[in-house]
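Asks: Right, I'll just put the structure down here and ask away after.
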Amino acid sequence: MEKFKKIMYAILYPHISIVILLVPVSAALLTYTFAFGSTESVIAYISYVVSFYALTIVCARSPIVFKGIMRFKRENKYSNMYFSDPALRVKISLYISVTVNTLYAFLQLVSGIYYRSVWFYALSVYYALLVLMRVFLLRDSVKKVLGKELIEEFKRYRFCGIVLLFLNFVLAIILTYIVWQNRGFEYNEIVTIAMAAYTFYTMTMAIINVIRYRKFESPIMSAAKAVSLTAALVSIISLETAMLTAFSNGEGPQFRQLMTALTGAGVSIMVLTIAIMMIVHANKAIRRLNDGGE
């Protein structure tokens, strides 16, 4: 029995070098399988087994990793600085968002050039403008102490709402054109997976930002939250247009047209609501602050 326990322990808790090696290997094998190889080939079955084992040993080590992370958080001065300073966390998250959105806008631009699609060109411009809005907010967050100059922050908050209102108008026109044309957009699985990963990231960050920023009375933070939510909503449309074509199981063009129309209308209405609420809220707040209100 003891020998069996030792064998199981060795299988579940191999040397850390094996864990580090298996994770990228399994990812590479799965990528090759779904992008270039057959899902029923020998390499495919090997990739399934290796990936399952990699996931198992990573999950088995997760409590140890979590304890190590918590210990590092307590003992490292930089991690202490990060977790004790909310404004610093906001700035870093903005830097990360700017980087990720820039890469995604570039991906849409490359897709537009490769597939010669107006839709991808439009998305690249849309995300590029969202990046500029984040840079605009990031510049203010670096130069100023957030939550102190409320009138100026609300003016920037209102400006972001106006820009979102304009972008939503442009997006509605583009979506109307796409629905009217009722065209599918075919691209390989790797691009689709990248779009899915971006959508998952933006949606996760949007939810985190809602929780993170609600404690701070800073219009700049609220504007950053609104931009993140807008990026997440629009990414749902771009992912849907890809998946309806790449993974359709015989549904006709009418189904694609209906789904694109419904999703596009829903997203457009939500972004429109966000933009109008930002403008109205900023106007009321600026009027109240100018009148000497709290």
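Identifiers for the structure tokens are assigned positionally: chains receive A, B, ... in sequence, residues are indexed from 1 per chain, and ligands are indexed from 1 in the order shown.
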Could you pull the residues within 10 Å of A:Val98, counting only C-alpha atoms, minus those fewer than 3 positions along the same chain, as a ChimeraX atom specification?
Replies: /A:92-95,101-104,128,130-135,138
Asks: Quick one: everything within 7 Å of A:Pro219, counting only C-alpha atoms, minus sequence neighbours fewer than 2 positions away in the same chain. Send it as a count of residues only.
Replies: 7
Asks: Between A:Thr99, A:Thr176, A:Ser26, A:Asn283, which has the minimum distance to A:Arg156 (counting only C-alpha atoms)?
Replies: A:Asn283
Asks: Between A:Leu272, A:Ile208, A:Lys67, A:Thr202, single out the one closest to A:Ser228, counting only C-alpha atoms.
Replies: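 Among the listed residues, the smallest separation from A:Ser228 belongs to A:Thr202.
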Asks: Just to confirm, what's the straight-line distance from atom CA of A:Val271 to atom CA of A:Tyr114 in Å (one decimal)?
Replies: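 Atom CA of A:Val271 sits 29.1 Å away from atom CA of A:Tyr114.
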Asks: Residues within 9 Å of A:Ala105, please, as a list in words. Count only C-alpha atoms; anything in the same chain fewer than 6 positions from it doesn't count.
Replies: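 Residues meeting the cut-off are Leu123, Ser124, Val125, Tyr126, Tyr127, Ala128 and Val131 of chain A.
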Asks: Please dump the current selection as a tab-separated table (two decimals), in the first residue's frame; keep N, CA and C atoms.
Replies:
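Result written to again_25.tsv:
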```
chain	number	residue	atom	x	y	z
A	123	LEU	N	-13.52	47.27	-37.36
A	123	LEU	CA	-13.22	46.85	-35.99
A	123	LEU	C	-11.84	47.33	-35.55
A	124	SER	N	-10.86	47.29	-36.46
A	124	SER	CA	-9.52	47.75	-36.10
A	124	SER	C	-9.53	49.23	-35.75
A	125	VAL	N	-10.28	50.02	-36.52
A	125	VAL	CA	-10.39	51.46	-36.22
A	125	VAL	C	-11.13	51.66	-34.90
A	126	TYR	N	-12.19	50.89	-34.68
A	126	TYR	CA	-12.98	51.01	-33.45
A	126	TYR	C	-12.10	50.74	-32.23
A	127	TYR	N	-11.36	49.64	-32.27
A	127	TYR	CA	-10.52	49.30	-31.13
A	127	TYR	C	-9.35	50.27	-31.00
A	128	ALA	N	-8.86	50.80	-32.10
A	128	ALA	CA	-7.79	51.80	-32.04
A	128	ALA	C	-8.27	53.05	-31.31
A	131	VAL	N	-8.39	52.39	-27.71
A	131	VAL	CA	-7.02	52.47	-27.17
A	131	VAL	C	-6.66	53.92	-26.90
```
Asks: Find the residues around A:Ile20 up to 10 Å (only C-alpha atoms counted), leave out those fewer than 5 positions away in its own chain, and share them as a VMD selection string.
Replies: chain A and resid 15 25 54 58
Asks: Quick one: residues within 8 Å of A:Leu30, only C-alpha atoms, excluding same-chain residues fewer than 2 positions away - as a list of chain:residue names?
Replies: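 What passes the distance filter is A:Ser26, A:Ala27, A:Ala28, A:Tyr32, A:Thr33, A:Phe34, A:Ala44, A:Ser47, A:Tyr48, A:Ser51.
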Asks: Pull all heavy atoms from the residues just selected and write them as a compact mmCIF listing (two decimals), in the first residue's frame.
Replies:
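Final output, saved to result-v9.txt:
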```
# COMPACT_ATOMS: atom_id res chain seq x y z
N SER A 26 2.00 20.65 -24.04
CA SER A 26 0.60 20.27 -24.25
C SER A 26 -0.15 21.36 -25.02
O SER A 26 -0.98 21.06 -25.88
CB SER A 26 -0.09 20.02 -22.91
OG SER A 26 -0.10 21.19 -22.11
N ALA A 27 0.16 22.62 -24.72
CA ALA A 27 -0.48 23.72 -25.46
C ALA A 27 -0.10 23.69 -26.93
O ALA A 27 -0.95 23.89 -27.81
CB ALA A 27 -0.09 25.06 -24.83
N ALA A 28 1.18 23.43 -27.21
CA ALA A 28 1.63 23.36 -28.60
C ALA A 28 0.99 22.18 -29.34
O ALA A 28 0.58 22.32 -30.50
CB ALA A 28 3.16 23.24 -28.64
N TYR A 32 -1.51 22.50 -32.56
CA TYR A 32 -1.24 21.81 -33.82
C TYR A 32 -2.41 20.90 -34.21
O TYR A 32 -2.82 20.85 -35.37
CB TYR A 32 0.04 20.98 -33.69
CG TYR A 32 0.31 20.12 -34.91
CD1 TYR A 32 0.91 20.65 -36.05
CD2 TYR A 32 -0.07 18.76 -34.93
CE1 TYR A 32 1.13 19.88 -37.18
CE2 TYR A 32 0.16 17.98 -36.05
CZ TYR A 32 0.76 18.54 -37.17
OH TYR A 32 0.97 17.77 -38.27
N THR A 33 -2.97 20.20 -33.22
CA THR A 33 -4.06 19.26 -33.49
C THR A 33 -5.27 19.96 -34.07
O THR A 33 -5.85 19.52 -35.08
CB THR A 33 -4.45 18.51 -32.20
OG1 THR A 33 -3.33 17.76 -31.74
CG2 THR A 33 -5.62 17.59 -32.45
N PHE A 34 -5.68 21.06 -33.44
CA PHE A 34 -6.90 21.74 -33.88
C PHE A 34 -6.69 22.64 -35.09
O PHE A 34 -7.64 22.91 -35.83
CB PHE A 34 -7.49 22.56 -32.73
CG PHE A 34 -8.04 21.71 -31.62
CD1 PHE A 34 -7.48 21.73 -30.36
CD2 PHE A 34 -9.13 20.88 -31.83
CE1 PHE A 34 -7.98 20.94 -29.34
CE2 PHE A 34 -9.64 20.09 -30.82
CZ PHE A 34 -9.07 20.11 -29.56
N ALA A 44 -3.00 13.60 -32.31
CA ALA A 44 -4.16 14.14 -31.59
C ALA A 44 -4.38 13.39 -30.29
O ALA A 44 -4.56 14.01 -29.22
CB ALA A 44 -5.41 14.06 -32.47
N SER A 47 -1.74 14.30 -27.85
CA SER A 47 -1.97 15.63 -27.30
C SER A 47 -3.06 15.62 -26.23
O SER A 47 -2.96 16.32 -25.22
CB SER A 47 -2.35 16.61 -28.41
OG SER A 47 -3.63 16.31 -28.95
N TYR A 48 -4.10 14.79 -26.43
CA TYR A 48 -5.16 14.69 -25.43
C TYR A 48 -4.62 14.13 -24.12
O TYR A 48 -4.92 14.64 -23.03
CB TYR A 48 -6.30 13.81 -25.94
CG TYR A 48 -6.96 14.29 -27.21
CD1 TYR A 48 -7.53 13.39 -28.11
CD2 TYR A 48 -7.00 15.65 -27.52
CE1 TYR A 48 -8.13 13.83 -29.29
CE2 TYR A 48 -7.60 16.09 -28.69
CZ TYR A 48 -8.16 15.19 -29.57
OH TYR A 48 -8.75 15.62 -30.72
N SER A 51 -2.12 16.62 -22.46
CA SER A 51 -2.84 17.77 -21.94
C SER A 51 -3.61 17.42 -20.67
O SER A 51 -3.65 18.19 -19.71
CB SER A 51 -3.81 18.33 -22.99
OG SER A 51 -3.10 18.73 -24.14
```
Asks: As an exercise, work out the distance from atom CA of A:Lys6 to atom CA of A:Arg61 in Å and give it to one decimal place.
Replies: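 About the pair atom CA of A:Lys6 and atom CA of A:Arg61: they are 16.2 Å apart.
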